[in-house]
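The file model_7.tsv comes next; it holds TSV, C-alpha atoms.
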```
chain	number	residue	atom	x	y	z
A	1	MET	CA	56.16	-199.51	-156.84
A	2	GLN	CA	57.64	-197.37	-154.07
A	3	VAL	CA	60.92	-198.64	-152.65
A	4	LYS	CA	61.95	-197.40	-149.23
A	5	LYS	CA	65.30	-195.58	-149.34
A	6	LYS	CA	67.96	-196.20	-146.74
A	7	ASP	CA	69.12	-193.30	-144.56
A	8	LYS	CA	71.93	-191.64	-146.53
A	9	ARG	CA	73.72	-190.74	-143.28
A	10	MET	CA	74.29	-194.42	-142.58
A	11	LYS	CA	77.37	-196.17	-143.94
A	12	LYS	CA	76.33	-198.11	-146.99
A	13	GLU	CA	76.48	-201.86	-146.58
A	14	LYS	CA	78.31	-203.59	-149.41
A	15	ILE	CA	76.15	-206.32	-150.92
A	16	ILE	CA	77.39	-208.90	-153.44
A	17	ILE	CA	74.45	-210.13	-155.49
A	18	GLY	CA	74.60	-213.50	-157.21
A	19	LEU	CA	73.87	-212.47	-160.80
A	20	SER	CA	72.96	-215.50	-162.89
A	21	GLY	CA	71.82	-213.89	-166.12
A	22	GLY	CA	68.15	-214.49	-165.27
A	23	VAL	CA	65.36	-212.03	-164.60
A	24	ASP	CA	65.03	-212.76	-160.86
A	25	SER	CA	68.62	-211.94	-159.92
A	26	SER	CA	68.56	-208.96	-162.31
A	27	VAL	CA	65.61	-207.37	-160.49
A	28	ALA	CA	67.11	-208.29	-157.10
A	29	ALA	CA	70.19	-206.24	-158.06
A	30	LEU	CA	67.97	-203.36	-159.18
A	31	LEU	CA	66.03	-203.35	-155.89
A	32	LEU	CA	69.20	-203.39	-153.80
A	33	GLN	CA	70.46	-200.35	-155.69
A	34	GLU	CA	67.20	-198.50	-155.13
A	35	GLN	CA	67.37	-199.33	-151.43
A	36	GLY	CA	70.71	-197.52	-151.21
A	37	TYR	CA	73.16	-200.38	-150.81
A	38	GLU	CA	76.61	-200.44	-152.39
A	39	VAL	CA	76.05	-203.22	-154.89
A	40	GLU	CA	78.45	-205.40	-156.83
A	41	ALA	CA	77.66	-208.65	-158.62
A	42	LEU	CA	79.26	-212.08	-158.85
A	43	PHE	CA	78.66	-214.63	-161.61
A	44	MET	CA	79.39	-218.27	-160.80
A	45	ARG	CA	80.49	-220.95	-163.22
A	46	ASN	CA	80.03	-224.37	-161.62
A	47	TRP	CA	79.91	-226.86	-164.48
A	48	ASP	CA	82.28	-227.64	-167.35
A	49	SER	CA	80.65	-230.03	-169.82
A	50	MET	CA	83.90	-230.94	-171.53
A	51	ALA	CA	85.91	-231.54	-168.36
A	52	ASN	CA	83.01	-233.43	-166.74
A	53	ASN	CA	82.34	-235.75	-169.70
A	54	ASP	CA	78.84	-234.30	-170.16
A	55	VAL	CA	78.20	-235.84	-173.59
A	56	LEU	CA	75.20	-238.20	-173.61
A	57	GLY	CA	71.86	-236.46	-173.20
A	58	ASN	CA	73.39	-233.05	-173.81
A	59	ASP	CA	72.06	-231.47	-176.98
A	60	LYS	CA	71.88	-227.97	-175.49
A	61	GLU	CA	75.54	-227.09	-176.01
A	62	THR	CA	75.64	-227.44	-179.78
A	63	GLY	CA	75.89	-223.74	-180.57
A	64	GLU	CA	79.01	-221.65	-180.99
A	65	VAL	CA	78.56	-220.20	-177.49
A	66	CYS	CA	77.62	-222.48	-174.57
A	67	THR	CA	74.61	-221.75	-172.37
A	68	GLN	CA	76.73	-220.60	-169.42
A	69	GLU	CA	78.52	-218.03	-171.58
A	70	LEU	CA	75.20	-216.76	-172.89
A	71	ASP	CA	74.05	-216.36	-169.28
A	72	TYR	CA	77.27	-214.53	-168.42
A	73	ASN	CA	76.77	-212.18	-171.36
A	74	ASP	CA	73.24	-211.42	-170.15
A	75	ALA	CA	74.51	-210.84	-166.60
A	76	LYS	CA	77.18	-208.51	-167.98
A	77	GLN	CA	74.60	-206.47	-169.90
A	78	VAL	CA	72.42	-206.18	-166.80
A	79	ALA	CA	75.39	-205.13	-164.67
A	80	ASP	CA	76.41	-202.53	-167.27
A	81	LYS	CA	72.84	-201.22	-167.46
A	82	LEU	CA	72.72	-200.81	-163.68
A	83	GLY	CA	76.27	-199.48	-163.50
A	84	ILE	CA	77.54	-202.12	-161.10
A	85	LYS	CA	80.77	-204.07	-161.19
A	86	LEU	CA	80.52	-207.73	-162.21
A	87	HIS	CA	82.99	-210.28	-160.86
A	88	ARG	CA	83.32	-213.86	-162.02
A	89	VAL	CA	84.39	-217.02	-160.18
A	90	ASP	CA	84.64	-220.75	-160.94
A	91	PHE	CA	83.49	-223.34	-158.42
A	92	ILE	CA	83.64	-226.27	-160.85
A	93	LYS	CA	85.81	-228.47	-158.62
A	94	GLU	CA	83.77	-227.63	-155.53
A	95	TYR	CA	80.47	-228.31	-157.29
A	96	TRP	CA	81.67	-231.75	-158.35
A	97	GLU	CA	83.01	-232.59	-154.89
A	98	TYR	CA	80.15	-231.30	-152.74
A	99	VAL	CA	77.11	-231.64	-155.01
A	100	PHE	CA	77.54	-233.82	-158.07
A	101	GLN	CA	79.46	-236.75	-156.53
A	102	TYR	CA	76.76	-237.10	-153.87
A	103	PHE	CA	74.12	-236.84	-156.60
A	104	ILE	CA	75.67	-239.78	-158.49
A	105	ASP	CA	76.32	-241.84	-155.34
A	106	GLU	CA	72.66	-241.54	-154.32
A	107	TYR	CA	71.37	-242.57	-157.76
A	108	GLN	CA	73.64	-245.62	-157.66
A	109	LYS	CA	71.90	-246.60	-154.41
A	110	GLY	CA	68.51	-246.30	-156.13
A	111	ARG	CA	67.59	-243.08	-154.33
A	112	THR	CA	66.51	-239.74	-155.81
A	113	PRO	CA	68.60	-236.83	-154.47
A	114	ASN	CA	67.88	-233.12	-154.85
A	115	PRO	CA	70.95	-231.30	-156.22
A	116	ASP	CA	69.34	-227.85	-155.89
A	117	ILE	CA	69.30	-228.18	-152.10
A	118	LEU	CA	72.94	-229.30	-152.00
A	119	CYS	CA	73.90	-226.51	-154.37
A	120	ASN	CA	72.39	-223.92	-152.05
A	121	LYS	CA	73.96	-225.47	-148.96
A	122	TYR	CA	77.49	-225.96	-150.25
A	123	ILE	CA	77.95	-223.58	-153.18
A	124	LYS	CA	75.71	-220.49	-153.14
A	125	PHE	CA	75.57	-220.00	-149.37
A	126	ASP	CA	78.99	-221.42	-148.50
A	127	LYS	CA	81.63	-221.11	-151.24
A	128	PHE	CA	79.97	-218.05	-152.80
A	129	LEU	CA	79.31	-216.45	-149.40
A	130	ASN	CA	82.87	-217.00	-148.17
A	131	TYR	CA	84.33	-215.68	-151.44
A	132	ALA	CA	82.17	-212.55	-151.25
A	133	LEU	CA	83.05	-211.87	-147.62
A	134	THR	CA	86.74	-212.69	-147.90
A	135	ASN	CA	87.73	-211.65	-151.42
A	136	LEU	CA	85.24	-208.91	-152.29
A	137	GLY	CA	84.80	-207.19	-148.93
A	138	ALA	CA	81.06	-207.84	-148.72
A	139	ASP	CA	79.00	-207.15	-145.62
A	140	LYS	CA	76.32	-209.49	-146.91
A	141	ILE	CA	75.28	-211.36	-150.04
A	142	ALA	CA	71.93	-211.37	-151.84
A	143	MET	CA	70.20	-213.87	-154.10
A	144	GLY	CA	67.21	-213.78	-156.38
A	145	HIS	CA	65.41	-216.53	-154.50
A	146	TYR	CA	61.75	-216.31	-153.57
A	147	ALA	CA	62.08	-216.34	-149.78
A	148	GLY	CA	62.53	-213.97	-146.87
A	149	VAL	CA	64.77	-213.50	-143.82
A	150	ARG	CA	63.87	-211.68	-140.62
A	151	TYR	CA	65.41	-211.42	-137.17
A	152	ASN	CA	63.18	-212.33	-134.25
A	153	GLU	CA	64.18	-210.21	-131.25
A	154	GLN	CA	62.22	-212.39	-128.85
A	155	THR	CA	63.86	-215.69	-129.82
A	156	GLN	CA	67.10	-214.09	-131.02
A	157	GLN	CA	66.94	-216.22	-134.15
A	158	PHE	CA	67.21	-215.45	-137.85
A	159	GLU	CA	64.06	-216.85	-139.42
A	160	MET	CA	63.47	-217.89	-143.01
A	161	ILE	CA	59.91	-217.28	-144.19
A	162	ARG	CA	57.98	-218.10	-147.31
A	163	ALA	CA	57.71	-215.67	-150.19
A	164	VAL	CA	54.49	-213.82	-151.03
A	165	ASP	CA	54.37	-215.65	-154.39
A	166	GLN	CA	53.45	-219.10	-153.07
A	167	ASN	CA	53.76	-220.64	-156.52
A	168	LYS	CA	57.42	-219.60	-156.70
A	169	ASP	CA	58.40	-219.88	-153.03
A	170	GLN	CA	61.84	-221.53	-152.76
A	171	THR	CA	62.22	-222.09	-149.02
A	172	TYR	CA	62.02	-225.83	-149.78
A	173	PHE	CA	65.39	-225.56	-151.56
A	174	LEU	CA	66.88	-223.38	-148.80
A	175	SER	CA	66.05	-225.65	-145.87
A	176	GLN	CA	69.68	-226.65	-145.25
A	177	LEU	CA	70.84	-223.11	-144.42
A	178	ASN	CA	72.05	-222.15	-140.94
A	179	GLN	CA	71.92	-219.11	-138.69
A	180	PHE	CA	75.21	-217.64	-139.92
A	181	GLN	CA	74.23	-217.98	-143.57
A	182	LEU	CA	70.86	-216.33	-142.98
A	183	SER	CA	72.48	-213.53	-140.96
A	184	LYS	CA	74.60	-212.68	-144.01
A	185	THR	CA	71.88	-212.97	-146.68
A	186	LEU	CA	69.24	-210.72	-148.22
A	187	PHE	CA	66.34	-211.92	-150.38
A	188	PRO	CA	65.01	-208.76	-152.11
A	189	LEU	CA	62.22	-210.59	-153.97
A	190	GLN	CA	60.32	-211.80	-150.91
A	191	ASN	CA	57.29	-209.56	-151.38
A	192	LEU	CA	57.05	-209.64	-155.17
A	193	THR	CA	55.28	-211.96	-157.57
A	194	LYS	CA	56.80	-213.19	-160.82
A	195	PRO	CA	54.62	-210.93	-163.02
A	196	GLU	CA	55.66	-207.93	-160.90
A	197	ILE	CA	59.32	-208.86	-161.30
A	198	ARG	CA	59.06	-209.14	-165.07
A	199	LYS	CA	57.23	-205.80	-165.18
A	200	LEU	CA	60.00	-204.12	-163.18
A	201	ALA	CA	62.65	-205.61	-165.47
A	202	LYS	CA	60.80	-204.36	-168.54
A	203	THR	CA	60.22	-200.89	-167.07
A	204	HIS	CA	63.95	-200.52	-166.36
A	205	GLY	CA	65.02	-201.88	-169.73
A	206	LEU	CA	66.77	-205.00	-168.47
A	207	ILE	CA	67.64	-207.48	-171.21
A	208	THR	CA	66.42	-210.40	-169.07
A	209	ALA	CA	62.83	-209.11	-168.78
A	210	ASN	CA	61.35	-211.79	-171.04
A	211	LYS	CA	64.02	-214.47	-170.59
A	212	LYS	CA	62.68	-217.94	-169.82
A	213	ASP	CA	63.34	-219.35	-166.37
A	214	SER	CA	66.19	-221.84	-166.15
A	215	THR	CA	65.16	-225.47	-165.74
A	216	GLY	CA	66.85	-228.81	-165.22
A	217	ILE	CA	69.68	-229.69	-162.85
A	218	CYS	CA	71.14	-226.85	-160.77
A	219	PHE	CA	73.91	-225.12	-162.78
A	220	ILE	CA	73.89	-227.93	-165.35
A	221	GLY	CA	70.59	-227.21	-167.06
A	222	GLU	CA	68.25	-229.30	-169.16
A	223	ARG	CA	69.41	-232.77	-170.09
A	224	GLU	CA	67.81	-235.92	-171.45
A	225	PHE	CA	68.04	-237.35	-167.98
A	226	THR	CA	68.49	-241.09	-168.48
A	227	LYS	CA	71.16	-240.57	-171.12
A	228	PHE	CA	72.84	-237.93	-168.95
A	229	LEU	CA	73.14	-240.38	-166.04
A	230	GLN	CA	74.73	-242.94	-168.36
A	231	ASN	CA	77.74	-240.61	-168.60
A	232	TYR	CA	78.49	-241.48	-164.97
A	233	ILE	CA	76.60	-244.69	-164.11
A	234	PRO	CA	77.04	-247.73	-166.42
A	235	ASN	CA	73.98	-249.59	-167.67
A	236	GLN	CA	72.87	-252.45	-165.43
A	237	PRO	CA	70.04	-254.20	-167.38
A	238	GLY	CA	67.42	-256.28	-165.65
A	239	ASP	CA	63.77	-257.34	-165.56
A	240	ILE	CA	60.67	-255.21	-165.20
A	241	VAL	CA	58.29	-257.21	-163.03
A	242	ASP	CA	54.58	-256.77	-162.27
A	243	ILE	CA	54.59	-256.41	-158.49
A	244	HIS	CA	51.24	-258.20	-158.11
A	245	THR	CA	51.62	-261.12	-160.55
A	246	GLN	CA	55.44	-261.37	-160.28
A	247	LYS	CA	55.53	-261.86	-164.05
A	248	VAL	CA	58.30	-260.31	-166.16
A	249	VAL	CA	56.66	-257.69	-168.40
A	250	GLY	CA	59.73	-256.04	-169.88
A	251	LYS	CA	63.41	-255.12	-169.63
A	252	HIS	CA	65.16	-252.02	-168.28
A	253	ILE	CA	68.68	-250.63	-168.71
A	254	GLY	CA	69.24	-249.76	-165.04
A	255	VAL	CA	67.00	-249.54	-161.96
A	256	MET	CA	68.78	-246.38	-160.79
A	257	TYR	CA	67.56	-244.43	-163.83
A	258	TYR	CA	63.93	-244.58	-162.68
A	259	THR	CA	61.97	-242.86	-159.90
A	260	ILE	CA	59.02	-244.05	-157.84
A	261	GLY	CA	55.75	-243.17	-159.57
A	262	GLN	CA	57.39	-242.71	-162.99
A	263	ARG	CA	55.22	-243.68	-165.94
A	264	LYS	CA	57.01	-242.37	-169.01
A	265	GLY	CA	60.02	-244.12	-170.43
A	266	LEU	CA	59.17	-247.66	-169.29
A	267	ASN	CA	58.78	-248.84	-172.90
A	268	LEU	CA	56.09	-251.35	-172.05
A	269	GLY	CA	54.30	-251.35	-175.39
A	270	GLY	CA	51.29	-253.51	-176.13
A	271	MET	CA	50.04	-253.59	-172.54
A	272	ALA	CA	46.34	-253.34	-171.75
A	273	GLU	CA	46.95	-250.34	-169.49
A	274	PRO	CA	49.88	-248.10	-168.50
A	275	TYR	CA	52.21	-248.97	-165.63
A	276	TYR	CA	54.15	-246.92	-163.08
A	277	VAL	CA	57.28	-247.66	-161.04
A	278	ALA	CA	56.18	-249.05	-157.67
A	279	LYS	CA	59.45	-250.37	-156.17
A	280	LYS	CA	63.14	-250.73	-156.98
A	281	ASP	CA	65.49	-253.57	-156.06
A	282	ILE	CA	69.03	-252.38	-156.80
A	283	GLU	CA	70.80	-255.57	-155.71
A	284	GLU	CA	68.64	-257.91	-157.82
A	285	LYS	CA	68.34	-255.34	-160.64
A	286	ILE	CA	64.54	-255.64	-160.64
A	287	LEU	CA	62.19	-252.77	-161.42
A	288	TYR	CA	58.75	-253.47	-159.98
A	289	VAL	CA	55.75	-251.86	-161.67
A	290	ALA	CA	52.02	-251.70	-161.03
A	291	SER	CA	49.06	-250.84	-163.23
A	292	ALA	CA	48.00	-247.20	-163.27
A	293	THR	CA	44.50	-248.09	-162.10
A	294	ASP	CA	45.93	-249.19	-158.74
A	295	GLU	CA	47.91	-246.37	-157.15
A	296	SER	CA	47.69	-247.79	-153.62
A	297	LEU	CA	51.41	-248.62	-153.62
A	298	LEU	CA	52.27	-244.96	-154.12
A	299	PHE	CA	50.73	-243.77	-150.86
A	300	ALA	CA	52.37	-243.64	-147.46
A	301	LYS	CA	51.62	-242.16	-144.03
A	302	LYS	CA	54.89	-242.82	-142.21
A	303	LEU	CA	58.55	-242.22	-143.00
A	304	ILE	CA	61.96	-241.81	-141.41
A	305	VAL	CA	63.83	-238.54	-142.03
A	306	ASN	CA	67.48	-238.26	-141.06
A	307	GLU	CA	70.33	-235.76	-141.37
A	308	ILE	CA	67.84	-233.04	-140.43
A	309	ASN	CA	69.13	-229.48	-140.41
A	310	TRP	CA	67.15	-227.35	-137.97
A	311	ILE	CA	67.53	-223.73	-139.00
A	312	LEU	CA	66.24	-222.59	-135.61
A	313	ASP	CA	66.53	-223.57	-131.99
A	314	LEU	CA	63.39	-225.74	-131.89
A	315	ALA	CA	62.96	-225.33	-128.15
A	316	LYS	CA	62.06	-221.67	-128.74
A	317	TYR	CA	59.26	-222.53	-131.18
A	318	VAL	CA	57.63	-225.81	-130.06
A	319	ASP	CA	56.69	-227.10	-126.62
A	320	ASP	CA	58.56	-230.39	-127.00
A	321	PRO	CA	61.29	-230.66	-129.70
A	322	ASN	CA	61.17	-234.46	-129.32
A	323	ASN	CA	57.47	-234.74	-130.21
A	324	PHE	CA	55.61	-231.96	-132.01
A	325	ALA	CA	53.17	-231.19	-134.82
A	326	CYS	CA	53.84	-229.00	-137.87
A	327	THR	CA	53.41	-229.21	-141.63
A	328	ALA	CA	55.72	-230.69	-144.25
A	329	LYS	CA	56.51	-230.75	-147.93
A	330	PHE	CA	58.05	-233.85	-149.46
A	331	ARG	CA	58.65	-232.27	-152.84
A	332	TYR	CA	58.71	-228.77	-154.30
A	333	ARG	CA	55.34	-227.04	-154.85
A	334	GLN	CA	53.52	-229.79	-152.98
A	335	THR	CA	50.63	-228.70	-150.78
A	336	ASP	CA	51.59	-228.76	-147.10
A	337	THR	CA	50.76	-231.95	-145.20
A	338	LYS	CA	49.98	-231.99	-141.47
A	339	VAL	CA	52.54	-234.19	-139.70
A	340	ARG	CA	53.82	-235.19	-136.28
A	341	LEU	CA	57.53	-235.62	-135.64
A	342	VAL	CA	58.89	-237.98	-132.98
A	343	LYS	CA	62.62	-237.92	-132.35
A	344	ILE	CA	64.46	-241.23	-132.76
A	345	SER	CA	68.05	-240.03	-132.38
A	346	ASP	CA	70.12	-236.95	-133.12
A	347	ASN	CA	68.77	-235.32	-136.31
A	348	CYS	CA	66.59	-238.35	-137.06
A	349	TYR	CA	62.80	-238.31	-136.68
A	350	GLU	CA	59.85	-240.56	-137.41
A	351	VAL	CA	57.30	-238.53	-139.38
A	352	SER	CA	53.62	-239.48	-139.33
A	353	CYS	CA	51.22	-237.85	-141.80
A	354	ASP	CA	47.59	-237.05	-141.01
A	355	GLN	CA	46.58	-238.21	-144.49
A	356	PRO	CA	48.24	-240.60	-146.98
A	357	VAL	CA	50.69	-238.80	-149.25
A	358	LYS	CA	51.47	-239.84	-152.82
A	359	ALA	CA	54.94	-240.69	-154.13
A	360	ILE	CA	57.13	-239.86	-151.13
A	361	THR	CA	60.56	-240.75	-152.46
A	362	GLU	CA	63.64	-241.95	-150.62
A	363	GLY	CA	66.58	-239.61	-151.08
A	364	GLN	CA	64.38	-236.56	-151.54
A	365	GLN	CA	64.03	-233.82	-148.94
A	366	ALA	CA	61.33	-233.44	-146.30
A	367	VAL	CA	60.98	-229.80	-145.26
A	368	PHE	CA	59.07	-228.70	-142.16
A	369	TYR	CA	57.07	-225.52	-141.46
A	370	LEU	CA	55.17	-223.68	-138.76
A	371	GLU	CA	52.77	-221.67	-140.92
A	372	ASP	CA	55.08	-219.44	-143.05
A	373	LEU	CA	58.18	-220.19	-141.00
A	374	CYS	CA	60.62	-222.79	-142.39
A	375	LEU	CA	62.02	-224.91	-139.55
A	376	GLY	CA	64.48	-226.91	-141.65
A	377	GLY	CA	64.60	-230.21	-143.47
A	378	GLY	CA	66.28	-233.56	-143.89
A	379	ILE	CA	66.66	-236.57	-146.16
A	380	ILE	CA	63.84	-239.08	-146.56
A	381	ASP	CA	65.60	-242.29	-145.55
A	382	LYS	CA	62.76	-244.81	-145.39
A	383	VAL	CA	59.13	-244.80	-146.54
A	384	PHE	CA	56.52	-247.18	-145.12
A	385	GLN	CA	53.87	-247.88	-147.73
```
Written as structure tokens, how would this file's structure read?
Amino acid sequence: MQVKKKDKRMKKEKIIIGLSGGVDSSVAALLLQEQGYEVEALFMRNWDSMANNDVLGNDKETGEVCTQELDYNDAKQVADKLGIKLHRVDFIKEYWEYVFQYFIDEYQKGRTPNPDILCNKYIKFDKFLNYALTNLGADKIAMGHYAGVRYNEQTQQFEMIRAVDQNKDQTYFLSQLNQFQLSKTLFPLQNLTKPEIRKLAKTHGLITANKKDSTGICFIGEREFTKFLQNYIPNQPGDIVDIHTQKVVGKHIGVMYYTIGQRKGLNLGGMAEPYYVAKKDIEEKILYVASATDESLLFAKKLIVNEINWILDLAKYVDDPNNFACTAKFRYRQTDTKVRLVKISDNCYEVSCDQPVKAITEGQQAVFYLEDLCLGGGIIDKVFQ
């Protein structure tokens, strides 16, 4: 693959790349080097299992070296291979305050938050960005996300666009960013697919070439989720009730541990057919379920989305910012849905879907698009089934 070189007569911009120890950020660092930037790397540590009482549901940290240290070691080997300086910073306190406390508060309300979006908003593109600009003398930062940034001369707006690899596109998780953050960010992987990235890593002898992608909660990793939540939210047992017959069909350990549409983990043995979670009543501690043959309760065409962050000045992209059509995603990797937005109040809109959508979940994020352009997103506050 040919990479366009920057004009050597120009002053090199200093870019701080977030190096996580994964293949995506490794190749992003490589590409920035080849494009002629002055590149340094920064590894973040945002979670301390011991300090944060991360005991139940955590069987991943049983080795002599914890997962985060293994990632740091991989990042160090990549940095050494590329000949770039690697810095390290802890945002453990900030992660708890800005991401994890909200995560727990929302689960206690029976909602399903998205910590990856909060992590991008408050940690990667705020605390990390400010640290890089202030402490490391960066002109900009870069991340190994699958997304793109461009400046539109006509609208005078920084635009975030989808990545070429639609299966990996991460604009959904970046929908809370603002104009300043985008103006200071590069996404080198925008035009590459995952197989191409792994091939580049292998060609250049990077240790992360065949490393599995990280999964689980942002910066925490894989956990046995229900047990993990019990570290922070006490059990609140109650009845599992058939929403149609109103009969008690089982017991649960806490309504907040379940999500709408969930089938696994209900422990309803001996039933004629499987059930799914149809509704949650936090106050009465009742988990309502319905039989899998009737999914009608999972579909909705209307919802309320609040706390919307518009990345762009909407007036420059739609005829009427108070009433306009676009597309939306209500969860990651979901196919776009045609919607119409009608403004209710500041940063709060009623969203109507052209077709019924399955398992729209309160607390999750609704993200809005005009073709490949991400407009922004907000929190799903109310779903009308």
Can you work out which one of A:Thr337, A:Thr208, A:Ser183, A:Gln108 has the shortest atom-to-atom distance to A:Tyr72, counting all atoms listed in the file?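 Nearest candidate to A:Tyr72 out of A:Thr337, A:Thr208, A:Ser183, A:Gln108: A:Thr208.
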Hey, what's within 7 Å of stretch 117-133 of chain A if we count all atoms listed in the file and toss same-chain stuff fewer than 3 positions away? As an NGL selection string, please? :A and (16 or 95 or 98-99 or 114 or 136-139 or 141 or 173-174 or 176-177 or 181 or 218)
Take the residues from that selection and put them in a file with C-alpha atoms, as a PDB file, keeping the file's coordinate frame.
```pdb
ATOM      1  CA  ILE A  16      77.390-208.900-153.440  1.00  0.00           C
ATOM      2  CA  TYR A  95      80.470-228.310-157.290  1.00  0.00           C
ATOM      3  CA  TYR A  98      80.150-231.300-152.740  1.00  0.00           C
ATOM      4  CA  VAL A  99      77.110-231.640-155.010  1.00  0.00           C
ATOM      5  CA  ASN A 114      67.880-233.120-154.850  1.00  0.00           C
ATOM      6  CA  LEU A 136      85.240-208.910-152.290  1.00  0.00           C
ATOM      7  CA  GLY A 137      84.800-207.190-148.930  1.00  0.00           C
ATOM      8  CA  ALA A 138      81.060-207.840-148.720  1.00  0.00           C
ATOM      9  CA  ASP A 139      79.000-207.150-145.620  1.00  0.00           C
ATOM     10  CA  ILE A 141      75.280-211.360-150.040  1.00  0.00           C
ATOM     11  CA  PHE A 173      65.390-225.560-151.560  1.00  0.00           C
ATOM     12  CA  LEU A 174      66.880-223.380-148.800  1.00  0.00           C
ATOM     13  CA  GLN A 176      69.680-226.650-145.250  1.00  0.00           C
ATOM     14  CA  LEU A 177      70.840-223.110-144.420  1.00  0.00           C
ATOM     15  CA  GLN A 181      74.230-217.980-143.570  1.00  0.00           C
ATOM     16  CA  CYS A 218      71.140-226.850-160.770  1.00  0.00           C
TER      17      CYS A 218
END
```
Polymer residues at most 12 Å from A:Ser345, all atoms listed in the file, same-chain spacing of 6 or more positions, as a PyMOL selection string: chain A and resi 304-308+321-322
Filtering to C-alpha atoms, could you give me those residues as a PDB file, keeping the file's coordinate frame?
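To be explicit, this is the file written out as result-v8.pdb:
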```
ATOM      1  CA  ILE A 304      61.960-241.810-141.410  1.00  0.00           C
ATOM      2  CA  VAL A 305      63.830-238.540-142.030  1.00  0.00           C
ATOM      3  CA  ASN A 306      67.480-238.260-141.060  1.00  0.00           C
ATOM      4  CA  GLU A 307      70.330-235.760-141.370  1.00  0.00           C
ATOM      5  CA  ILE A 308      67.840-233.040-140.430  1.00  0.00           C
ATOM      6  CA  PRO A 321      61.290-230.660-129.700  1.00  0.00           C
ATOM      7  CA  ASN A 322      61.170-234.460-129.320  1.00  0.00           C
TER       8      ASN A 322
END
```
List every residue of stretch 97-170 of chain A that has an atom at most 10 Å from any atom of stretch 363-378 of chain A, giving for each one its closest atom pair and the distance in Å to one decimal, counting all atoms listed in the file, sorted by chain and then by ascending residue number, as CSV.
```
residue,atom,partner,partner_atom,distance
A:Phe103,CA,A:Gly363,CA,9.7
A:Glu106,CA,A:Gly363,CA,7.2
A:Tyr107,CA,A:Gly363,CA,8.7
A:Lys109,CA,A:Gly363,CA,9.4
A:Gly110,CA,A:Gly363,CA,8.6
A:Arg111,CA,A:Gly363,CA,4.9
A:Thr112,CA,A:Gly363,CA,4.7
A:Pro113,CA,A:Gly363,CA,4.8
A:Asn114,CA,A:Gln364,CA,5.9
A:Pro115,CA,A:Gln364,CA,9.6
A:Ile117,CA,A:Gln365,CA,8.3
A:Ala147,CA,A:Cys374,CA,9.9
A:Gly148,CA,A:Leu373,CA,9.6
A:Val149,CA,A:Leu373,CA,9.8
A:Glu159,CA,A:Leu373,CA,6.9
A:Met160,CA,A:Cys374,CA,5.7
A:Ile161,CA,A:Leu373,CA,4.7
A:Arg162,CA,A:Asp372,CA,5.3
A:Ala163,CA,A:Asp372,CA,8.5
A:Val164,CA,A:Asp372,CA,9.8
```
Show me, as a PyMOL selection string, the residues that have an atom within 9 Å of A:Thr155 when counting all atoms listed in the file, minus same-chain residues fewer than 2 positions from it. chain A and resi 151-153+157-158+313+316-317
